[in-house]
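One file, structure_16.csv, is given below (CSV, C-alpha atoms).
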chain,number,residue,atom,x,y,z
A,1,GLY,CA,-10.7,10.5,-6.2
A,2,ALA,CA,-11.5,6.9,-7.2
A,3,VAL,CA,-13.1,4.6,-4.7
A,4,VAL,CA,-12.1,1.0,-4.2
A,5,SER,CA,-14.1,-1.2,-1.8
A,6,GLN,CA,-13.5,-4.6,-0.3
A,7,HIS,CA,-15.9,-7.1,1.2
A,8,PRO,CA,-15.9,-8.4,3.8
A,9,SER,CA,-13.9,-6.0,6.0
A,10,TRP,CA,-13.1,-8.9,8.3
A,11,VAL,CA,-13.6,-12.6,8.3
A,12,ILE,CA,-12.9,-15.5,10.8
A,13,CYS,CA,-12.8,-19.0,9.5
A,14,LYS,CA,-11.8,-22.5,10.5
A,15,SER,CA,-8.7,-24.1,9.3
A,16,GLY,CA,-9.2,-26.0,6.1
A,17,THR,CA,-12.0,-23.8,4.7
A,18,SER,CA,-11.9,-21.4,1.8
A,19,VAL,CA,-12.5,-17.7,2.0
A,20,LYS,CA,-13.4,-15.3,-0.8
A,21,ILE,CA,-12.5,-11.6,-0.7
A,22,GLU,CA,-14.0,-9.2,-3.1
A,23,CYS,CA,-12.5,-6.0,-4.5
A,24,ARG,CA,-14.6,-3.6,-6.4
A,25,SER,CA,-13.9,-0.4,-8.2
A,26,LEU,CA,-17.0,1.7,-7.5
A,27,ASP,CA,-16.7,4.6,-9.9
A,28,PHE,CA,-14.3,3.5,-12.6
A,29,GLN,CA,-13.4,0.5,-14.6
A,30,ALA,CA,-10.2,-1.4,-13.8
A,31,THR,CA,-8.7,-3.8,-16.2
A,32,THR,CA,-6.0,-4.5,-13.7
A,33,MET,CA,-6.1,-4.7,-10.0
A,34,PHE,CA,-3.5,-5.6,-7.4
A,35,TRP,CA,-3.6,-7.8,-4.3
A,36,TYR,CA,-1.3,-7.1,-1.4
A,37,ARG,CA,-0.8,-8.7,1.9
A,38,GLN,CA,0.2,-6.9,5.1
A,39,PHE,CA,1.5,-8.6,8.2
A,40,PRO,CA,1.3,-6.8,11.5
A,41,LYS,CA,3.8,-4.0,11.9
A,42,GLN,CA,5.1,-4.8,8.4
A,43,SER,CA,4.9,-3.5,5.0
A,44,LEU,CA,2.6,-4.4,2.1
A,45,MET,CA,3.8,-7.2,0.0
A,46,LEU,CA,2.5,-7.5,-3.6
A,47,MET,CA,1.0,-10.9,-4.1
A,48,ALA,CA,-0.4,-10.8,-7.6
A,49,THR,CA,-1.7,-8.7,-10.4
A,50,SER,CA,-5.3,-9.4,-11.4
A,51,ASN,CA,-6.1,-9.0,-15.1
A,52,GLU,CA,-9.6,-8.8,-16.4
A,53,GLY,CA,-10.4,-11.6,-18.8
A,54,SER,CA,-7.0,-13.4,-18.4
A,55,LYS,CA,-4.9,-15.2,-15.8
A,56,ALA,CA,-3.5,-13.4,-12.8
A,57,THR,CA,0.2,-12.8,-12.6
A,58,TYR,CA,1.7,-14.0,-9.3
A,59,GLU,CA,4.8,-12.7,-7.6
A,60,GLN,CA,7.6,-15.0,-6.8
A,61,GLY,CA,6.9,-17.2,-3.8
A,62,VAL,CA,3.1,-16.8,-3.9
A,63,GLU,CA,1.2,-20.0,-4.4
A,64,LYS,CA,-1.3,-19.5,-7.2
A,65,ASP,CA,-3.2,-22.6,-6.2
A,66,LYS,CA,-3.5,-21.3,-2.7
A,67,PHE,CA,-4.5,-17.8,-3.6
A,68,LEU,CA,-7.0,-18.0,-6.5
A,69,ILE,CA,-7.7,-14.8,-8.3
A,70,ASN,CA,-10.6,-14.2,-10.6
A,71,HIS,CA,-11.1,-10.9,-12.4
A,72,ALA,CA,-14.5,-11.5,-14.0
A,73,SER,CA,-15.5,-8.0,-14.8
A,74,LEU,CA,-14.1,-4.5,-15.2
A,75,THR,CA,-15.2,-3.6,-11.7
A,76,LEU,CA,-14.6,-6.8,-9.7
A,77,SER,CA,-11.7,-9.0,-8.7
A,78,THR,CA,-11.9,-11.8,-6.2
A,79,LEU,CA,-9.2,-13.4,-4.1
A,80,THR,CA,-10.0,-16.9,-2.7
A,81,VAL,CA,-7.8,-18.2,0.0
A,82,THR,CA,-8.2,-22.0,-0.4
A,83,SER,CA,-7.8,-24.4,2.5
A,84,ALA,CA,-6.9,-21.6,4.8
A,85,HIS,CA,-4.5,-22.2,7.7
A,86,PRO,CA,-3.5,-20.0,10.6
A,87,GLU,CA,-0.4,-18.8,8.8
A,88,ASP,CA,-2.7,-17.3,6.2
A,89,SER,CA,-4.1,-14.9,8.8
A,90,SER,CA,-3.3,-11.5,7.6
A,91,PHE,CA,-4.6,-8.2,6.2
A,92,TYR,CA,-5.4,-8.4,2.5
A,93,ILE,CA,-5.5,-5.2,0.5
A,94,CYS,CA,-6.4,-4.6,-3.1
A,95,SER,CA,-5.8,-1.6,-5.3
A,96,ALA,CA,-6.5,-0.3,-8.7
A,97,MET,CA,-5.2,2.5,-10.9
A,98,PRO,CA,-7.8,4.4,-13.0
A,99,ARG,CA,-5.0,6.9,-13.9
A,100,ASP,CA,-1.4,7.2,-12.7
A,101,GLU,CA,-2.4,7.0,-9.1
A,102,GLN,CA,-3.0,3.8,-7.1
A,103,PHE,CA,-6.1,3.7,-5.0
A,104,PHE,CA,-6.4,1.2,-2.2
A,105,GLY,CA,-9.3,-0.6,-0.7
A,106,PRO,CA,-9.9,-0.6,3.0
A,107,GLY,CA,-8.5,-4.1,3.4
A,108,THR,CA,-9.9,-7.4,4.7
A,109,ARG,CA,-8.7,-8.8,8.0
A,110,LEU,CA,-8.6,-12.6,7.7
A,111,THR,CA,-8.2,-14.7,10.9
A,112,VAL,CA,-7.9,-18.4,10.5
A,113,LEU,CA,-8.5,-20.4,13.6
B,114,ALA,CA,14.9,-5.8,-7.7
B,115,GLN,CA,13.7,-2.8,-5.9
B,116,SER,CA,13.9,-2.3,-2.2
B,117,VAL,CA,12.8,0.5,0.0
B,118,SER,CA,14.2,1.3,3.4
B,119,GLN,CA,12.5,3.5,6.0
B,120,HIS,CA,14.9,4.1,8.8
B,121,ASN,CA,12.5,5.3,11.5
B,122,HIS,CA,10.2,2.6,12.7
B,123,HIS,CA,8.5,4.7,15.4
B,124,VAL,CA,8.7,8.5,15.8
B,125,ILE,CA,7.1,10.4,18.7
B,126,LEU,CA,6.7,14.1,18.4
B,127,SER,CA,4.9,16.9,20.2
B,128,GLU,CA,2.5,19.1,18.4
B,129,ALA,CA,4.1,21.9,16.3
B,130,ALA,CA,7.4,20.0,16.1
B,131,SER,CA,9.0,19.5,12.7
B,132,LEU,CA,8.9,16.1,11.0
B,133,GLU,CA,11.3,14.4,8.7
B,134,LEU,CA,10.9,10.7,7.8
B,135,GLY,CA,13.7,9.0,5.9
B,136,CYS,CA,13.2,6.9,2.8
B,137,ASN,CA,15.9,5.3,0.7
B,138,TYR,CA,15.4,3.0,-2.3
B,139,SER,CA,17.6,0.8,-4.3
B,140,TYR,CA,17.0,0.7,-8.0
B,141,GLY,CA,19.2,1.9,-10.8
B,142,GLY,CA,16.6,3.0,-13.3
B,143,THR,CA,13.9,5.5,-13.6
B,144,VAL,CA,11.6,5.5,-10.5
B,145,ASN,CA,8.3,6.8,-9.5
B,146,LEU,CA,8.2,7.6,-5.7
B,147,PHE,CA,5.3,7.8,-3.4
B,148,TRP,CA,4.4,8.5,0.2
B,149,TYR,CA,1.2,7.0,1.6
B,150,VAL,CA,-0.5,7.5,4.9
B,151,GLN,CA,-2.7,5.1,6.8
B,152,TYR,CA,-4.7,6.6,9.6
B,153,PRO,CA,-5.9,4.2,12.3
B,154,GLY,CA,-8.7,2.1,11.0
B,155,GLN,CA,-8.5,3.6,7.6
B,156,HIS,CA,-7.1,2.6,4.2
B,157,LEU,CA,-4.0,3.8,2.5
B,158,GLN,CA,-4.1,7.3,1.1
B,159,LEU,CA,-1.7,9.0,-1.2
B,160,LEU,CA,0.1,11.9,0.4
B,161,LEU,CA,2.3,12.8,-2.6
B,162,LYS,CA,4.1,11.4,-5.5
B,163,TYR,CA,7.1,12.1,-7.7
B,164,PHE,CA,7.4,11.1,-11.3
B,165,SER,CA,9.6,13.7,-12.8
B,166,GLY,CA,10.4,17.4,-12.8
B,167,ASP,CA,10.8,19.5,-9.7
B,168,PRO,CA,12.4,17.2,-7.1
B,169,LEU,CA,10.6,19.1,-4.3
B,170,VAL,CA,7.1,17.7,-4.3
B,171,LYS,CA,4.2,19.2,-2.3
B,172,GLY,CA,1.4,17.0,-1.2
B,173,ILE,CA,-1.7,17.2,0.8
B,174,LYS,CA,-2.1,18.3,4.5
B,175,GLY,CA,1.1,20.4,4.4
B,176,PHE,CA,3.5,17.5,3.6
B,177,GLU,CA,6.3,17.7,1.2
B,178,ALA,CA,9.1,15.4,0.0
B,179,GLU,CA,12.4,15.9,-1.7
B,180,PHE,CA,13.8,13.5,-4.3
B,181,ILE,CA,17.6,13.5,-4.1
B,182,LYS,CA,18.7,11.2,-6.9
B,183,SER,CA,22.4,11.1,-5.9
B,184,LYS,CA,21.3,9.8,-2.5
B,185,PHE,CA,18.5,7.5,-3.7
B,186,SER,CA,16.4,9.3,-1.1
B,187,PHE,CA,12.8,10.6,-0.9
B,188,ASN,CA,12.4,12.0,2.6
B,189,LEU,CA,9.1,13.2,3.8
B,190,ARG,CA,8.8,16.5,5.7
B,191,LYS,CA,6.3,18.7,7.5
B,192,PRO,CA,7.3,21.8,9.3
B,193,SER,CA,4.7,21.6,12.1
B,194,VAL,CA,2.9,18.4,12.9
B,195,GLN,CA,-0.6,18.1,14.4
B,196,TRP,CA,-2.1,15.5,16.6
B,197,SER,CA,-4.2,14.4,13.6
B,198,ASP,CA,-1.0,13.4,11.8
B,199,THR,CA,-0.7,10.4,14.0
B,200,ALA,CA,-0.7,7.5,11.5
B,201,GLU,CA,1.5,5.0,9.7
B,202,TYR,CA,3.5,6.3,6.8
B,203,PHE,CA,4.8,4.2,3.9
B,204,CYS,CA,7.3,5.1,1.3
B,205,ALA,CA,6.9,3.2,-2.0
B,206,VAL,CA,8.6,3.0,-5.4
B,207,ASN,CA,7.9,1.5,-8.8
B,208,ASP,CA,9.7,1.6,-12.0
B,209,GLY,CA,7.0,3.2,-14.0
B,210,ALA,CA,6.7,0.4,-16.5
B,211,ASN,CA,4.7,-1.6,-14.0
B,212,ALA,CA,3.0,1.3,-12.3
B,213,GLY,CA,0.8,-0.7,-10.0
B,214,LYS,CA,3.5,-3.0,-8.8
B,215,SER,CA,5.0,-0.9,-6.1
B,216,THR,CA,7.5,-1.9,-3.5
B,217,PHE,CA,6.8,-0.6,-0.1
B,218,GLY,CA,9.0,0.2,2.9
B,219,ASP,CA,8.2,-1.2,6.3
B,220,GLY,CA,6.4,1.9,7.4
B,221,THR,CA,7.0,4.5,10.1
B,222,THR,CA,4.5,4.9,12.9
B,223,LEU,CA,4.2,8.6,13.8
B,224,THR,CA,2.7,9.4,17.2
B,225,VAL,CA,2.0,13.1,17.8
B,226,LYS,CA,1.4,14.0,21.4
B,227,PRO,CA,-1.1,16.9,22.0
Do you think you could lay out the structure here as C-alpha coordinates?
Amino acid sequence: GAVVSQHPSWVICKSGTSVKIECRSLDFQATTMFWYRQFPKQSLMLMATSNEGSKATYEQGVEKDKFLINHASLTLSTLTVTSAHPEDSSFYICSAMPRDEQFFGPGTRLTVL
Amino acid sequence: AQSVSQHNHHVILSEAASLELGCNYSYGGTVNLFWYVQYPGQHLQLLLKYFSGDPLVKGIKGFEAEFIKSKFSFNLRKPSVQWSDTAEYFCAVNDGANAGKSTFGDGTTLTVKP
(Lines of atoms letter the chains of each structure in order from A and count residues from 1; the text may use other names and numbers.)
(Lines give C-alpha, C1' and ligand atoms only; values in the text may rest on other atoms or scores of the structure.)
Protein backbone atom coordinates (compact mmCIF):
# COMPACT_ATOMS: atom_id res chain seq x y z
CA GLY A 1 0.00 0.00 0.00
CA ALA A 2 0.89 3.65 -0.24
CA VAL A 3 2.75 5.35 2.58
CA VAL A 4 1.99 8.75 4.03
CA SER A 5 4.28 10.23 6.63
CA GLN A 6 3.94 13.19 8.95
CA HIS A 7 6.50 15.24 10.77
CA PRO A 8 6.76 15.88 13.61
CA SER A 9 4.87 13.11 15.36
CA TRP A 10 4.36 15.38 18.33
CA VAL A 11 5.08 18.99 19.18
CA ILE A 12 4.68 21.18 22.25
CA CYS A 13 4.66 24.91 21.81
CA LYS A 14 3.92 28.09 23.71
CA SER A 15 0.72 30.00 23.17
CA GLY A 16 1.09 32.58 20.42
CA THR A 17 3.71 30.74 18.42
CA SER A 18 3.24 29.09 15.03
CA VAL A 19 3.73 25.42 14.31
CA LYS A 20 4.29 23.75 10.95
CA ILE A 21 3.27 20.15 10.30
CA GLU A 22 4.45 18.31 7.21
CA CYS A 23 2.64 15.60 5.32
CA ARG A 24 4.52 13.61 2.71
CA SER A 25 3.51 10.92 0.27
CA LEU A 26 6.54 8.65 0.18
CA ASP A 27 5.93 6.37 -2.77
CA PHE A 28 3.39 8.16 -4.90
CA GLN A 29 2.47 11.61 -6.09
CA ALA A 30 -0.51 13.34 -4.59
CA THR A 31 -2.10 16.32 -6.27
CA THR A 32 -4.60 16.41 -3.44
CA MET A 33 -4.15 15.80 0.26
CA PHE A 34 -6.58 16.12 3.11
CA TRP A 35 -6.13 17.49 6.61
CA TYR A 36 -8.20 16.17 9.49
CA ARG A 37 -8.37 17.04 13.15
CA GLN A 38 -9.21 14.52 15.84
CA PHE A 39 -10.20 15.48 19.36
CA PRO A 40 -9.77 12.95 22.17
CA LYS A 41 -12.37 10.22 22.07
CA GLN A 42 -13.97 11.86 19.05
CA SER A 43 -14.04 11.37 15.35
CA LEU A 44 -11.92 12.84 12.60
CA MET A 45 -13.16 16.14 11.30
CA LEU A 46 -12.10 17.20 7.83
CA MET A 47 -10.48 20.62 7.98
CA ALA A 48 -9.38 21.26 4.43
CA THR A 49 -8.40 19.85 1.09
CA SER A 50 -4.88 20.70 0.00
CA ASN A 51 -4.41 21.16 -3.75
CA GLU A 52 -1.00 21.13 -5.39
CA GLY A 53 -0.31 24.42 -7.08
CA SER A 54 -3.49 26.14 -5.96
CA LYS A 55 -5.30 27.32 -2.88
CA ALA A 56 -6.61 24.92 -0.32
CA THR A 57 -10.32 24.39 0.10
CA TYR A 58 -11.46 24.81 3.68
CA GLU A 59 -14.45 23.23 5.32
CA GLN A 60 -17.10 25.40 6.86
CA GLY A 61 -16.05 26.81 10.19
CA VAL A 62 -12.31 26.33 9.67
CA GLU A 63 -10.35 29.58 9.76
CA LYS A 64 -8.09 29.67 6.73
CA ASP A 65 -5.92 32.41 8.24
CA LYS A 66 -5.45 30.31 11.33
CA PHE A 67 -4.64 27.07 9.56
CA LEU A 68 -2.41 27.86 6.61
CA ILE A 69 -2.01 25.11 4.06
CA ASN A 70 0.65 24.99 1.40
CA HIS A 71 0.93 22.20 -1.16
CA ALA A 72 4.21 23.12 -2.79
CA SER A 73 5.00 19.85 -4.51
CA LEU A 74 3.37 16.60 -5.54
CA THR A 75 4.65 14.88 -2.42
CA LEU A 76 4.43 17.53 0.27
CA SER A 77 1.66 19.45 1.97
CA THR A 78 2.18 21.57 5.06
CA LEU A 79 -0.25 22.78 7.69
CA THR A 80 0.81 25.77 9.74
CA VAL A 81 -1.12 26.55 12.87
CA THR A 82 -0.58 30.27 13.33
CA SER A 83 -0.64 31.99 16.70
CA ALA A 84 -1.52 28.73 18.38
CA HIS A 85 -3.65 28.71 21.51
CA PRO A 86 -4.49 25.90 23.93
CA GLU A 87 -7.77 25.22 22.16
CA ASP A 88 -5.77 24.29 19.06
CA SER A 89 -4.28 21.36 20.93
CA SER A 90 -5.35 18.30 19.04
CA PHE A 91 -4.29 15.40 16.87
CA TYR A 92 -3.81 16.44 13.25
CA ILE A 93 -3.92 13.77 10.55
CA CYS A 94 -3.32 14.05 6.84
CA SER A 95 -4.32 11.68 4.09
CA ALA A 96 -3.89 11.17 0.38
CA MET A 97 -5.48 9.01 -2.28
CA PRO A 98 -3.19 7.54 -4.91
CA ARG A 99 -6.12 5.47 -6.17
CA ASP A 100 -9.60 4.98 -4.79
CA GLU A 101 -8.36 4.29 -1.29
CA GLN A 102 -7.47 6.88 1.30
CA PHE A 103 -4.15 6.43 3.09
CA PHE A 104 -3.59 8.22 6.35
CA GLY A 105 -0.49 9.56 7.97
CA PRO A 106 0.38 8.61 11.55
CA GLY A 107 -0.79 11.96 12.88
CA THR A 108 0.81 14.81 14.77
CA ARG A 109 -0.05 15.50 18.38
CA LEU A 110 -0.01 19.25 19.02
CA THR A 111 -0.02 20.54 22.57
CA VAL A 112 -0.18 24.27 23.10
CA LEU A 113 0.77 25.46 26.55
CA ALA B 1 -24.89 16.92 4.46
CA GLN B 2 -23.71 13.50 5.38
CA SER B 3 -23.60 12.15 8.90
CA VAL B 4 -22.46 8.87 10.35
CA SER B 5 -23.66 7.33 13.58
CA GLN B 6 -21.89 4.58 15.43
CA HIS B 7 -24.11 3.34 18.18
CA ASN B 8 -21.59 1.53 20.31
CA HIS B 9 -19.02 3.76 21.94
CA HIS B 10 -17.21 1.05 23.85
CA VAL B 11 -17.55 -2.68 23.39
CA ILE B 12 -15.87 -5.22 25.62
CA LEU B 13 -15.68 -8.83 24.50
CA SER B 14 -13.88 -11.98 25.45
CA GLU B 15 -11.70 -13.74 22.92
CA ALA B 16 -13.61 -15.93 20.47
CA ALA B 17 -16.80 -13.94 20.93
CA SER B 18 -18.59 -12.65 17.86
CA LEU B 19 -18.52 -8.97 17.03
CA GLU B 20 -20.98 -6.65 15.39
CA LEU B 21 -20.46 -2.89 15.35
CA GLY B 22 -23.30 -0.73 14.14
CA CYS B 23 -22.97 2.06 11.60
CA ASN B 24 -25.76 4.13 10.13
CA TYR B 25 -25.39 7.02 7.76
CA SER B 26 -27.65 9.70 6.48
CA TYR B 27 -27.28 10.65 2.85
CA GLY B 28 -29.76 10.20 0.07
CA GLY B 29 -27.43 9.71 -2.86
CA THR B 30 -24.82 7.22 -3.92
CA VAL B 31 -22.35 6.50 -1.16
CA ASN B 32 -19.01 4.86 -0.70
CA LEU B 33 -18.67 3.23 2.71
CA PHE B 34 -15.60 2.37 4.73
CA TRP B 35 -14.49 0.84 7.97
CA TYR B 36 -11.14 1.90 9.36
CA VAL B 37 -9.22 0.58 12.33
CA GLN B 38 -6.78 2.45 14.53
CA TYR B 39 -4.63 0.25 16.73
CA PRO B 40 -3.12 1.86 19.82
CA GLY B 41 -0.36 4.21 18.79
CA GLN B 42 -0.80 3.54 15.10
CA HIS B 43 -2.41 5.33 12.19
CA LEU B 44 -5.75 4.65 10.59
CA GLN B 45 -5.87 1.61 8.34
CA LEU B 46 -8.56 0.54 5.93
CA LEU B 47 -10.39 -2.63 6.96
CA LEU B 48 -12.82 -2.79 4.09
CA LYS B 49 -14.80 -0.66 1.69
CA TYR B 50 -17.99 -0.77 -0.31
CA PHE B 51 -18.44 1.07 -3.59
CA SER B 52 -20.95 -1.05 -5.46
CA GLY B 53 -21.85 -4.64 -6.23
CA ASP B 54 -22.16 -7.38 -3.64
CA PRO B 55 -23.42 -5.74 -0.45
CA LEU B 56 -21.50 -8.21 1.68
CA VAL B 57 -17.94 -7.03 1.71
CA LYS B 58 -15.01 -8.97 3.07
CA GLY B 59 -11.99 -7.17 4.40
CA ILE B 60 -8.71 -7.92 6.03
CA LYS B 61 -8.18 -9.90 9.23
CA GLY B 62 -11.48 -11.76 8.94
CA PHE B 63 -13.73 -8.72 9.07
CA GLU B 64 -16.77 -8.28 6.90
CA ALA B 65 -19.53 -5.72 6.57
CA GLU B 66 -22.96 -5.72 5.02
CA PHE B 67 -24.46 -2.76 3.22
CA ILE B 68 -28.21 -2.61 3.70
CA LYS B 69 -29.42 0.27 1.61
CA SER B 70 -32.95 0.27 2.98
CA LYS B 71 -31.62 0.67 6.49
CA PHE B 72 -28.79 3.05 5.61
CA SER B 73 -26.53 0.71 7.51
CA PHE B 74 -23.06 -0.74 7.09
CA ASN B 75 -22.43 -2.90 10.13
CA LEU B 76 -19.06 -4.48 10.77
CA ARG B 77 -18.83 -8.11 11.83
CA LYS B 78 -16.29 -10.69 12.82
CA PRO B 79 -17.26 -14.19 13.91
CA SER B 80 -14.49 -14.67 16.44
CA VAL B 81 -12.45 -11.79 17.83
CA GLN B 82 -8.89 -11.97 19.06
CA TRP B 83 -7.05 -9.98 21.69
CA SER B 84 -5.15 -8.29 18.87
CA ASP B 85 -8.41 -6.82 17.56
CA THR B 86 -8.40 -4.38 20.46
CA ALA B 87 -8.54 -1.01 18.73
CA GLU B 88 -10.67 1.95 17.73
CA TYR B 89 -13.00 1.35 14.79
CA PHE B 90 -14.36 4.10 12.58
CA CYS B 91 -17.10 3.97 10.01
CA ALA B 92 -16.87 6.54 7.23
CA VAL B 93 -18.84 7.61 4.17
CA ASN B 94 -18.29 9.82 1.16
CA ASP B 95 -20.38 10.57 -1.86
CA GLY B 96 -17.90 9.35 -4.43
CA ALA B 97 -17.68 12.67 -6.19
CA ASN B 98 -15.42 13.96 -3.44
CA ALA B 99 -13.70 10.72 -2.64
CA GLY B 100 -11.25 12.07 -0.12
CA LYS B 101 -13.78 14.13 1.81
CA SER B 102 -15.08 11.45 4.08
CA THR B 103 -17.39 11.91 7.01
CA PHE B 104 -16.45 9.78 9.98
CA GLY B 105 -18.46 8.36 12.82
CA ASP B 106 -17.37 8.98 16.39
CA GLY B 107 -15.66 5.63 16.59
CA THR B 108 -16.11 2.52 18.68
CA THR B 109 -13.49 1.35 21.11
CA LEU B 110 -13.23 -2.41 21.11
CA THR B 111 -11.53 -4.10 24.04
CA VAL B 112 -10.98 -7.83 23.75
CA LYS B 113 -10.13 -9.60 26.98
CA PRO B 114 -7.76 -12.54 26.67
Subject >> Test item: chain B residues at most 12 Å from chain A, counting only C-alpha atoms, as a PyMOL selection string >> reply: chain B and resi 114+116-119+122-123+145-164+201-207+209-222
Original post:
Could you state the separation of atom CA of B:Leu134 and atom CA of B:Gly172 in Å, given to one decimal place?
Top reply: 14.5 Å
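In this model, the gap between atom CA of A:His71 and atom CA of A:Gly53 comes to 6.5 Å.
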Original post:
Within 8 Å of (-6.4, -26.4, 7.4), in the coordinates the file gives, what residues turn up when you count all atoms listed in the file, written out as a list in words?
Top reply: Lys14, Ser15, Gly16, Thr17, Ser83, Ala84, His85 and Pro86 of chain A
With only C-alpha atoms as the counted atoms, please give the residues lying no more than 7 Å from stretch 223-226 of chain B, apart from itself and same-chain residues fewer than 3 positions off, as a tab-separated table (two decimals) with C-alpha atoms, in the coordinates of the input.
chain	number	residue	atom	x	y	z
B	123	HIS	CA	8.50	4.70	15.40
B	124	VAL	CA	8.70	8.50	15.80
B	125	ILE	CA	7.10	10.40	18.70
B	126	LEU	CA	6.70	14.10	18.40
B	127	SER	CA	4.90	16.90	20.20
B	128	GLU	CA	2.50	19.10	18.40
B	195	GLN	CA	-0.60	18.10	14.40
B	196	TRP	CA	-2.10	15.50	16.60
B	198	ASP	CA	-1.00	13.40	11.80
B	199	THR	CA	-0.70	10.40	14.00
B	200	ALA	CA	-0.70	7.50	11.50
B	201	GLU	CA	1.50	5.00	9.70
Original post:
What does the distance between atom CA of B:Glu133 and atom CA of B:Phe180 come to in Å, to one decimal place?
Top reply: 13.3 Å
**OP:** Counting all atoms listed in the file, find the residues whose atoms lie at most 8 Å from (-10.2, -15.3, 7.9) (file coordinates) and write them out as an MDAnalysis selection string.
**Re:** chainID A and resid 10:14 19 84 88:90 109:113
Starting from the sparse input, extend stretch 125-136 of chain B to all heavy atoms and give the output as a PDB file, in the frame of the given file.
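Saved to out29.pdb:
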ATOM      1  N   ILE B 125       8.043   9.697  17.724  1.00  0.00           N
ATOM      2  CA  ILE B 125       7.100  10.400  18.700  1.00  0.00           C
ATOM      3  C   ILE B 125       7.492  11.838  18.715  1.00  0.00           C
ATOM      4  O   ILE B 125       8.646  12.184  18.992  1.00  0.00           O
ATOM      5  CB  ILE B 125       7.193   9.738  20.059  1.00  0.00           C
ATOM      6  CG1 ILE B 125       6.882   8.241  19.993  1.00  0.00           C
ATOM      7  CG2 ILE B 125       6.232  10.445  21.009  1.00  0.00           C
ATOM      8  CD1 ILE B 125       7.091   7.516  21.309  1.00  0.00           C
ATOM      9  N   LEU B 126       6.516  12.685  18.432  1.00  0.00           N
ATOM     10  CA  LEU B 126       6.700  14.100  18.400  1.00  0.00           C
ATOM     11  C   LEU B 126       5.646  14.832  19.207  1.00  0.00           C
ATOM     12  O   LEU B 126       4.546  14.298  19.360  1.00  0.00           O
ATOM     13  CB  LEU B 126       6.755  14.661  16.992  1.00  0.00           C
ATOM     14  CG  LEU B 126       7.874  14.192  16.074  1.00  0.00           C
ATOM     15  CD1 LEU B 126       7.604  14.686  14.651  1.00  0.00           C
ATOM     16  CD2 LEU B 126       9.218  14.677  16.566  1.00  0.00           C
ATOM     17  N   SER B 127       5.954  16.014  19.632  1.00  0.00           N
ATOM     18  CA  SER B 127       4.900  16.900  20.200  1.00  0.00           C
ATOM     19  C   SER B 127       4.344  17.742  19.120  1.00  0.00           C
ATOM     20  O   SER B 127       4.997  17.986  18.087  1.00  0.00           O
ATOM     21  CB  SER B 127       5.544  17.763  21.307  1.00  0.00           C
ATOM     22  OG  SER B 127       6.041  16.973  22.364  1.00  0.00           O
ATOM     23  N   GLU B 128       3.140  18.187  19.338  1.00  0.00           N
ATOM     24  CA  GLU B 128       2.500  19.100  18.400  1.00  0.00           C
ATOM     25  C   GLU B 128       3.387  20.285  18.081  1.00  0.00           C
ATOM     26  O   GLU B 128       4.037  20.799  18.987  1.00  0.00           O
ATOM     27  CB  GLU B 128       1.134  19.516  18.851  1.00  0.00           C
ATOM     28  CG  GLU B 128       0.033  18.530  18.547  1.00  0.00           C
ATOM     29  CD  GLU B 128      -1.357  19.130  18.736  1.00  0.00           C
ATOM     30  OE1 GLU B 128      -1.566  19.809  19.758  1.00  0.00           O
ATOM     31  OE2 GLU B 128      -2.214  18.924  17.854  1.00  0.00           O
ATOM     32  N   ALA B 129       3.380  20.710  16.838  1.00  0.00           N
ATOM     33  CA  ALA B 129       4.100  21.900  16.300  1.00  0.00           C
ATOM     34  C   ALA B 129       5.604  21.529  16.052  1.00  0.00           C
ATOM     35  O   ALA B 129       6.320  22.371  15.504  1.00  0.00           O
ATOM     36  CB  ALA B 129       4.061  23.049  17.278  1.00  0.00           C
ATOM     37  N   ALA B 130       6.036  20.333  16.409  1.00  0.00           N
ATOM     38  CA  ALA B 130       7.400  20.000  16.100  1.00  0.00           C
ATOM     39  C   ALA B 130       7.519  19.705  14.582  1.00  0.00           C
ATOM     40  O   ALA B 130       6.531  19.429  13.903  1.00  0.00           O
ATOM     41  CB  ALA B 130       7.816  18.711  16.862  1.00  0.00           C
ATOM     42  N   SER B 131       8.743  19.784  14.081  1.00  0.00           N
ATOM     43  CA  SER B 131       9.000  19.500  12.700  1.00  0.00           C
ATOM     44  C   SER B 131       9.224  18.014  12.476  1.00  0.00           C
ATOM     45  O   SER B 131       9.739  17.330  13.357  1.00  0.00           O
ATOM     46  CB  SER B 131      10.141  20.314  12.128  1.00  0.00           C
ATOM     47  OG  SER B 131      11.331  19.920  12.778  1.00  0.00           O
ATOM     48  N   LEU B 132       8.847  17.538  11.300  1.00  0.00           N
ATOM     49  CA  LEU B 132       8.900  16.100  11.000  1.00  0.00           C
ATOM     50  C   LEU B 132       9.801  15.877   9.785  1.00  0.00           C
ATOM     51  O   LEU B 132       9.697  16.588   8.789  1.00  0.00           O
ATOM     52  CB  LEU B 132       7.533  15.563  10.732  1.00  0.00           C
ATOM     53  CG  LEU B 132       7.444  14.144  10.151  1.00  0.00           C
ATOM     54  CD1 LEU B 132       7.803  13.112  11.209  1.00  0.00           C
ATOM     55  CD2 LEU B 132       6.048  13.884   9.598  1.00  0.00           C
ATOM     56  N   GLU B 133      10.633  14.860   9.874  1.00  0.00           N
ATOM     57  CA  GLU B 133      11.300  14.400   8.700  1.00  0.00           C
ATOM     58  C   GLU B 133      11.404  12.848   8.807  1.00  0.00           C
ATOM     59  O   GLU B 133      11.990  12.330   9.758  1.00  0.00           O
ATOM     60  CB  GLU B 133      12.701  14.957   8.483  1.00  0.00           C
ATOM     61  CG  GLU B 133      13.373  14.415   7.215  1.00  0.00           C
ATOM     62  CD  GLU B 133      14.521  15.282   6.711  1.00  0.00           C
ATOM     63  OE1 GLU B 133      14.851  16.276   7.369  1.00  0.00           O
ATOM     64  OE2 GLU B 133      15.070  14.954   5.641  1.00  0.00           O
ATOM     65  N   LEU B 134      10.831  12.146   7.857  1.00  0.00           N
ATOM     66  CA  LEU B 134      10.900  10.700   7.800  1.00  0.00           C
ATOM     67  C   LEU B 134      11.765  10.271   6.634  1.00  0.00           C
ATOM     68  O   LEU B 134      11.563  10.718   5.518  1.00  0.00           O
ATOM     69  CB  LEU B 134       9.487  10.090   7.641  1.00  0.00           C
ATOM     70  CG  LEU B 134       8.475  10.429   8.736  1.00  0.00           C
ATOM     71  CD1 LEU B 134       7.149   9.720   8.447  1.00  0.00           C
ATOM     72  CD2 LEU B 134       8.992  10.041  10.103  1.00  0.00           C
ATOM     73  N   GLY B 135      12.715   9.402   6.935  1.00  0.00           N
ATOM     74  CA  GLY B 135      13.700   9.000   5.900  1.00  0.00           C
ATOM     75  C   GLY B 135      13.158   7.871   5.038  1.00  0.00           C
ATOM     76  O   GLY B 135      12.434   6.977   5.488  1.00  0.00           O
ATOM     77  N   CYS B 136      13.525   7.922   3.768  1.00  0.00           N
ATOM     78  CA  CYS B 136      13.200   6.900   2.800  1.00  0.00           C
ATOM     79  C   CYS B 136      14.332   6.757   1.821  1.00  0.00           C
ATOM     80  O   CYS B 136      14.667   7.741   1.161  1.00  0.00           O
ATOM     81  CB  CYS B 136      11.896   7.151   2.099  1.00  0.00           C
ATOM     82  SG  CYS B 136      11.514   5.978   0.770  1.00  0.00           S
TER      83      CYS B 136
END
